[in-house]
Each structure stands twice: as C-alpha cells, then as structure tokens.
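Have a look at the structure below before the remarks.
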Amino acid sequence: MNDSNINDIPVIHNAITRKSKQIGFTMPSDLYIGTLLKTLISSKPGAHILELGTGIGLSLSWMIDGMDANSSLITVDNDSELIVIANQYFGNDGRVQIVCEDGSKWIKNYNADKFDLVFADAWPGKYSELEELLDLIKIGGFYIIDDMKVQSNWPVGHEDNVDRLVAYLEKRDDLNITKMDWSTGLIIAVKTK
C-alpha cells in the first residue's frame, strides 16, 4: 500500500502539509497513523479525546475528521508558534480545545472527565507522566503511540527509552496491547480495568 491509495484524506490536510513545508516543520505525521486515528475515533460516538503533541495539526486533522458532532478533543503542545498555526485551521471548531502548555504540567493538573482515546505524540504521556496519563483513560479507552521503530532523527540512546516504555506497557495488567510493525511503529493499547 502506498500513499496514493489513501483516498479519504481530510480536506484541510493538504493545506497543512503545504504550511509545514513553508515553515520548515520537519516532524510531520505519517498518513497511516492518521487513517488509524480517524478509524478508531469514529468507533466512539460522543468521544472525549486527547492529543499530546499538536505539532502543526496534521494528526489533528484526521482526528477531527473521525469525530461526530457530540465528540470533544483537547490537543496540547508547548510550541506557541505551532499552536498559532493550529488555531488558524481548527480554532473555530467548538468541539476542539487547543492548549499551549507544557504537556507534563498539563497532565499533572488535569482533573476533568477521563478520555475515550489518547494519542500521545510527545515526550509527556509517553516517556514521562505515563502512569498519570494512563489513569486519565476510561475503561475501554484507547492509548495510541507512534514512532516505536527506529527513526533517523532519534538522538543517541533514544532506543533505550523506547525499549523501557514497551517493557513497562507489557507488564501492566490493566492494558491489552498490540505492537504493530507498521507505519512508524505503533502501539495500540486498550484500558481493561
């Protein structure tokens, strides 16, 4: 399968991709993770969703495309310039709350409704504050992470972080996990208790 076989790309996605190139944003989301997020979100009507690592909004465009009218989404990033861009594309959608804050701080201070799906695409919620984040997921809710396969832009030693994360998730008795050697390397977990 190649990218040309994906025919349900969100309308706004091409404009965001162009903007990424224009500003030199070098961490764009893979199309395949986008299709997966859209599919999983569409399985949860009225969902409460969290994205950690808004970036420029590429994954966000897929997530919003999968949401129904009764769903809500919070997306968090600490890069104020990227948040301004994300707001230009999604700021008028009343279902979406775009937050410019350090993800670690946000996770520690969040005390509202639990989430049906969390996509952790940043250090917080993946390599730090993981236990706190997993406590914010409803039973039956999804926890999704990508970039589990070695990437060319990884700093030296990052593979050890990934190995520790995978081992930690495998040992938890409240998650069913699937490791996928697909896209950038994914883990999909479901909270079971």
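Residues are named by chain letter and number: chains run A, B, ... in the order of the structure tokens, numbers start at 1 in each chain, and ligands are numbered from 1 in the order shown.
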Please provide as a PDB file with N, CA and C atoms, in the first residue's frame all residues within 8 Å of range 112-121 of chain A, with the sequence filter that same-chain residues fewer than 3 positions apart are discarded (counting only C-alpha atoms).
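Once written, selection28.pdb looks like this:
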```pdb
ATOM      1  N   ILE A  41     -11.365   6.731  16.272  1.00  0.00           N
ATOM      2  CA  ILE A  41     -12.231   7.776  16.827  1.00  0.00           C
ATOM      3  C   ILE A  41     -13.663   7.620  16.322  1.00  0.00           C
ATOM      4  N   LYS A  44     -16.109   5.562  18.335  1.00  0.00           N
ATOM      5  CA  LYS A  44     -16.511   6.034  19.660  1.00  0.00           C
ATOM      6  C   LYS A  44     -17.368   7.290  19.544  1.00  0.00           C
ATOM      7  N   ALA A  47     -17.224  10.832  21.811  1.00  0.00           N
ATOM      8  CA  ALA A  47     -15.947  10.576  22.485  1.00  0.00           C
ATOM      9  C   ALA A  47     -15.333  11.838  23.064  1.00  0.00           C
ATOM     10  N   HIS A  48     -14.553  11.627  24.117  1.00  0.00           N
ATOM     11  CA  HIS A  48     -13.712  12.674  24.713  1.00  0.00           C
ATOM     12  C   HIS A  48     -12.276  12.255  24.410  1.00  0.00           C
ATOM     13  N   ILE A  49     -11.541  13.074  23.647  1.00  0.00           N
ATOM     14  CA  ILE A  49     -10.269  12.680  23.043  1.00  0.00           C
ATOM     15  C   ILE A  49      -9.170  13.638  23.490  1.00  0.00           C
ATOM     16  N   LEU A  50      -7.957  13.087  23.621  1.00  0.00           N
ATOM     17  CA  LEU A  50      -6.788  13.896  23.967  1.00  0.00           C
ATOM     18  C   LEU A  50      -5.664  13.601  22.990  1.00  0.00           C
ATOM     19  N   GLU A  51      -5.033  14.666  22.510  1.00  0.00           N
ATOM     20  CA  GLU A  51      -3.809  14.551  21.724  1.00  0.00           C
ATOM     21  C   GLU A  51      -2.715  15.312  22.458  1.00  0.00           C
ATOM     22  N   LEU A  52      -1.601  14.646  22.708  1.00  0.00           N
ATOM     23  CA  LEU A  52      -0.432  15.297  23.291  1.00  0.00           C
ATOM     24  C   LEU A  52       0.605  15.436  22.187  1.00  0.00           C
ATOM     25  N   GLY A  53       0.903  16.675  21.814  1.00  0.00           N
ATOM     26  CA  GLY A  53       1.808  16.941  20.704  1.00  0.00           C
ATOM     27  C   GLY A  53       1.034  17.367  19.474  1.00  0.00           C
ATOM     28  N   THR A  54       0.454  18.539  19.517  1.00  0.00           N
ATOM     29  CA  THR A  54      -0.346  19.058  18.407  1.00  0.00           C
ATOM     30  C   THR A  54       0.484  19.190  17.137  1.00  0.00           C
ATOM     31  N   PRO A 124       5.854  13.970  26.986  1.00  0.00           N
ATOM     32  CA  PRO A 124       4.907  13.769  28.089  1.00  0.00           C
ATOM     33  C   PRO A 124       3.774  12.821  27.672  1.00  0.00           C
ATOM     34  N   GLY A 125       3.463  11.912  28.539  1.00  0.00           N
ATOM     35  CA  GLY A 125       2.413  10.942  28.245  1.00  0.00           C
ATOM     36  C   GLY A 125       2.928   9.725  27.510  1.00  0.00           C
ATOM     37  N   LYS A 126       4.211   9.755  27.200  1.00  0.00           N
ATOM     38  CA  LYS A 126       4.845   8.637  26.510  1.00  0.00           C
ATOM     39  C   LYS A 126       6.069   8.205  27.311  1.00  0.00           C
ATOM     40  N   LEU A 136      -5.921   8.606  33.265  1.00  0.00           N
ATOM     41  CA  LEU A 136      -6.929   9.500  32.687  1.00  0.00           C
ATOM     42  C   LEU A 136      -7.731   8.847  31.553  1.00  0.00           C
ATOM     43  N   ILE A 137      -7.481   7.564  31.296  1.00  0.00           N
ATOM     44  CA  ILE A 137      -8.176   6.866  30.214  1.00  0.00           C
ATOM     45  C   ILE A 137      -9.290   6.003  30.796  1.00  0.00           C
ATOM     46  N   LYS A 138     -10.466   6.089  30.197  1.00  0.00           N
ATOM     47  CA  LYS A 138     -11.614   5.287  30.622  1.00  0.00           C
ATOM     48  C   LYS A 138     -11.367   3.806  30.346  1.00  0.00           C
ATOM     49  N   GLY A 140     -11.958   0.652  28.514  1.00  0.00           N
ATOM     50  CA  GLY A 140     -12.368   0.515  27.117  1.00  0.00           C
ATOM     51  C   GLY A 140     -11.784   1.586  26.220  1.00  0.00           C
ATOM     52  N   GLY A 141     -11.043   2.521  26.805  1.00  0.00           N
ATOM     53  CA  GLY A 141     -10.441   3.601  26.032  1.00  0.00           C
ATOM     54  C   GLY A 141      -9.112   3.193  25.419  1.00  0.00           C
ATOM     55  N   PHE A 142      -8.765   3.868  24.345  1.00  0.00           N
ATOM     56  CA  PHE A 142      -7.533   3.592  23.607  1.00  0.00           C
ATOM     57  C   PHE A 142      -6.393   4.498  24.067  1.00  0.00           C
ATOM     58  N   TYR A 143      -5.189   3.935  24.111  1.00  0.00           N
ATOM     59  CA  TYR A 143      -3.940   4.675  24.272  1.00  0.00           C
ATOM     60  C   TYR A 143      -3.095   4.323  23.053  1.00  0.00           C
ATOM     61  N   ILE A 144      -2.737   5.329  22.258  1.00  0.00           N
ATOM     62  CA  ILE A 144      -2.045   5.101  20.991  1.00  0.00           C
ATOM     63  C   ILE A 144      -0.753   5.909  20.984  1.00  0.00           C
ATOM     64  N   ILE A 145       0.341   5.231  20.619  1.00  0.00           N
ATOM     65  CA  ILE A 145       1.632   5.905  20.465  1.00  0.00           C
ATOM     66  C   ILE A 145       2.262   5.447  19.156  1.00  0.00           C
ATOM     67  N   ASP A 146       3.022   6.341  18.559  1.00  0.00           N
ATOM     68  CA  ASP A 146       3.720   6.000  17.319  1.00  0.00           C
ATOM     69  C   ASP A 146       5.218   6.226  17.502  1.00  0.00           C
TER      70      ASP A 146
END
```
Checklist entry - Could you pull out all residues of range 3-193 of chain A with a DSSP call of strand (DSSP E) and give them as a ChimeraX atom specification? => result /A:48-52,72-77,96-100,115-120,137-145,175-180,186-191
Considering only helix (DSSP H, G or I) as DSSP defines it on the backbone, what residues of range 53-183 of chain A qualify? List them as a PDB file with C-alpha atoms, in the first residue's frame.
```
ATOM      1  CA  LEU A  58      -1.684  17.064  10.678  1.00  0.00           C
ATOM      2  CA  SER A  59      -2.800  14.250  13.006  1.00  0.00           C
ATOM      3  CA  LEU A  60      -5.368  16.601  14.466  1.00  0.00           C
ATOM      4  CA  SER A  61      -6.978  16.972  11.034  1.00  0.00           C
ATOM      5  CA  TRP A  62      -7.526  13.196  10.862  1.00  0.00           C
ATOM      6  CA  MET A  63      -8.812  13.014  14.427  1.00  0.00           C
ATOM      7  CA  ILE A  64     -11.331  15.790  13.845  1.00  0.00           C
ATOM      8  CA  ASP A  65     -12.415  14.105  10.609  1.00  0.00           C
ATOM      9  CA  GLY A  66     -13.334  10.989  12.624  1.00  0.00           C
ATOM     10  CA  SER A  80       3.403  28.654  20.724  1.00  0.00           C
ATOM     11  CA  GLU A  81       4.207  29.228  17.034  1.00  0.00           C
ATOM     12  CA  LEU A  82       2.719  25.866  16.053  1.00  0.00           C
ATOM     13  CA  ILE A  83      -0.299  26.442  18.290  1.00  0.00           C
ATOM     14  CA  VAL A  84      -0.989  29.721  16.455  1.00  0.00           C
ATOM     15  CA  ILE A  85      -0.996  27.806  13.157  1.00  0.00           C
ATOM     16  CA  ALA A  86      -3.223  25.026  14.547  1.00  0.00           C
ATOM     17  CA  ASN A  87      -5.638  27.688  15.782  1.00  0.00           C
ATOM     18  CA  GLN A  88      -5.804  29.171  12.283  1.00  0.00           C
ATOM     19  CA  TYR A  89      -7.042  25.834  10.949  1.00  0.00           C
ATOM     20  CA  PHE A  90      -9.114  24.497  13.850  1.00  0.00           C
ATOM     21  CA  GLY A 103       2.430  18.599  28.419  1.00  0.00           C
ATOM     22  CA  SER A 104       3.900  17.344  31.704  1.00  0.00           C
ATOM     23  CA  LYS A 105       2.380  20.239  33.604  1.00  0.00           C
ATOM     24  CA  TRP A 106      -0.940  19.835  31.792  1.00  0.00           C
ATOM     25  CA  ILE A 107      -1.172  16.116  32.624  1.00  0.00           C
ATOM     26  CA  LYS A 108      -0.375  16.750  36.303  1.00  0.00           C
ATOM     27  CA  ASN A 109      -3.021  19.496  36.570  1.00  0.00           C
ATOM     28  CA  LEU A 130       2.904   7.915  31.731  1.00  0.00           C
ATOM     29  CA  GLU A 131       1.247   6.478  34.817  1.00  0.00           C
ATOM     30  CA  GLU A 132      -0.660   9.711  35.425  1.00  0.00           C
ATOM     31  CA  LEU A 133      -1.811   9.770  31.807  1.00  0.00           C
ATOM     32  CA  LEU A 134      -2.950   6.144  31.787  1.00  0.00           C
ATOM     33  CA  HIS A 158      16.668   7.039  22.473  1.00  0.00           C
ATOM     34  CA  GLU A 159      16.132   3.402  21.521  1.00  0.00           C
ATOM     35  CA  ASP A 160      16.668   2.565  25.221  1.00  0.00           C
ATOM     36  CA  ASN A 161      13.759   4.890  26.114  1.00  0.00           C
ATOM     37  CA  VAL A 162      11.536   3.064  23.642  1.00  0.00           C
ATOM     38  CA  ASP A 163      12.573  -0.352  24.975  1.00  0.00           C
ATOM     39  CA  ARG A 164      11.820   0.712  28.582  1.00  0.00           C
ATOM     40  CA  LEU A 165       8.440   2.117  27.543  1.00  0.00           C
ATOM     41  CA  VAL A 166       7.430  -1.059  25.712  1.00  0.00           C
ATOM     42  CA  ALA A 167       8.549  -3.244  28.640  1.00  0.00           C
ATOM     43  CA  TYR A 168       6.556  -1.081  31.067  1.00  0.00           C
ATOM     44  CA  LEU A 169       3.379  -1.273  28.973  1.00  0.00           C
ATOM     45  CA  GLU A 170       3.757  -5.051  28.557  1.00  0.00           C
ATOM     46  CA  LYS A 171       3.966  -5.549  32.349  1.00  0.00           C
TER      47      LYS A 171
END
```
Got a sec: who's within 7 Å of range 178-187 of chain A, counting only C-alpha atoms, leaving out chain neighbours fewer than 2 positions off, as a short mmCIF file (atom, residue, chain, number, x, y, z; two decimals) with all heavy atoms, in the first residue's frame?
```
data_model
loop_
_atom_site.label_atom_id
_atom_site.label_comp_id
_atom_site.auth_asym_id
_atom_site.auth_seq_id
_atom_site.Cartn_x
_atom_site.Cartn_y
_atom_site.Cartn_z
N ASP A 30 2.69 10.74 9.89
CA ASP A 30 2.53 9.76 8.84
C ASP A 30 1.04 9.64 8.47
O ASP A 30 0.17 9.69 9.34
CB ASP A 30 3.07 8.43 9.38
CG ASP A 30 3.02 7.32 8.38
OD1 ASP A 30 3.92 7.26 7.54
OD2 ASP A 30 2.07 6.52 8.45
N TYR A 32 -0.56 7.06 7.54
CA TYR A 32 -1.17 5.82 8.04
C TYR A 32 -1.65 5.96 9.47
O TYR A 32 -2.71 5.46 9.82
CB TYR A 32 -0.19 4.65 7.89
CG TYR A 32 0.18 4.41 6.45
CD1 TYR A 32 1.49 4.57 6.02
CD2 TYR A 32 -0.78 4.06 5.51
CE1 TYR A 32 1.83 4.38 4.69
CE2 TYR A 32 -0.44 3.87 4.18
CZ TYR A 32 0.86 4.02 3.78
OH TYR A 32 1.20 3.83 2.47
N ILE A 33 -0.88 6.64 10.32
CA ILE A 33 -1.35 6.85 11.69
C ILE A 33 -2.61 7.72 11.64
O ILE A 33 -3.53 7.54 12.43
CB ILE A 33 -0.26 7.46 12.61
CG1 ILE A 33 -0.73 7.54 14.07
CG2 ILE A 33 0.17 8.83 12.17
CD1 ILE A 33 -0.92 6.25 14.75
N ILE A 144 -2.74 5.33 22.26
CA ILE A 144 -2.05 5.10 20.99
C ILE A 144 -0.75 5.91 20.98
O ILE A 144 -0.75 7.11 21.29
CB ILE A 144 -2.92 5.52 19.80
CG1 ILE A 144 -4.22 4.72 19.82
CG2 ILE A 144 -2.20 5.31 18.48
CD1 ILE A 144 -5.36 5.45 19.24
N ILE A 145 0.34 5.23 20.62
CA ILE A 145 1.63 5.91 20.47
C ILE A 145 2.26 5.45 19.16
O ILE A 145 2.03 4.32 18.71
CB ILE A 145 2.58 5.65 21.66
CG1 ILE A 145 2.73 4.16 21.95
CG2 ILE A 145 2.10 6.40 22.89
CD1 ILE A 145 3.70 3.83 23.08
N ASP A 146 3.02 6.34 18.56
CA ASP A 146 3.72 6.00 17.32
C ASP A 146 5.22 6.23 17.50
O ASP A 146 5.69 6.43 18.62
CB ASP A 146 3.16 6.79 16.14
CG ASP A 146 3.35 8.29 16.26
OD1 ASP A 146 3.76 8.77 17.33
OD2 ASP A 146 3.08 9.00 15.28
N ASP A 147 5.96 6.14 16.41
CA ASP A 147 7.41 6.31 16.43
C ASP A 147 8.11 5.30 17.32
O ASP A 147 9.07 5.62 18.03
CB ASP A 147 7.80 7.75 16.83
CG ASP A 147 7.23 8.78 15.89
OD1 ASP A 147 7.07 8.47 14.69
OD2 ASP A 147 6.94 9.90 16.34
N MET A 148 7.65 4.06 17.27
CA MET A 148 8.27 2.99 18.04
C MET A 148 9.37 2.27 17.25
O MET A 148 10.15 1.53 17.82
CB MET A 148 7.22 1.97 18.49
CG MET A 148 6.18 2.53 19.46
SD MET A 148 6.88 2.84 21.12
CE MET A 148 7.12 4.61 21.08
N LYS A 149 9.41 2.47 15.94
CA LYS A 149 10.51 1.94 15.12
C LYS A 149 11.61 3.00 15.07
O LYS A 149 11.33 4.20 15.13
CB LYS A 149 10.05 1.64 13.69
CG LYS A 149 9.13 0.45 13.60
CD LYS A 149 9.00 -0.12 12.19
CE LYS A 149 8.41 0.82 11.18
NZ LYS A 149 8.04 0.14 9.92
N ALA A 189 -3.12 0.34 22.73
CA ALA A 189 -3.48 -0.29 24.00
C ALA A 189 -4.92 0.06 24.33
O ALA A 189 -5.40 1.15 23.99
CB ALA A 189 -2.56 0.17 25.11
#
```
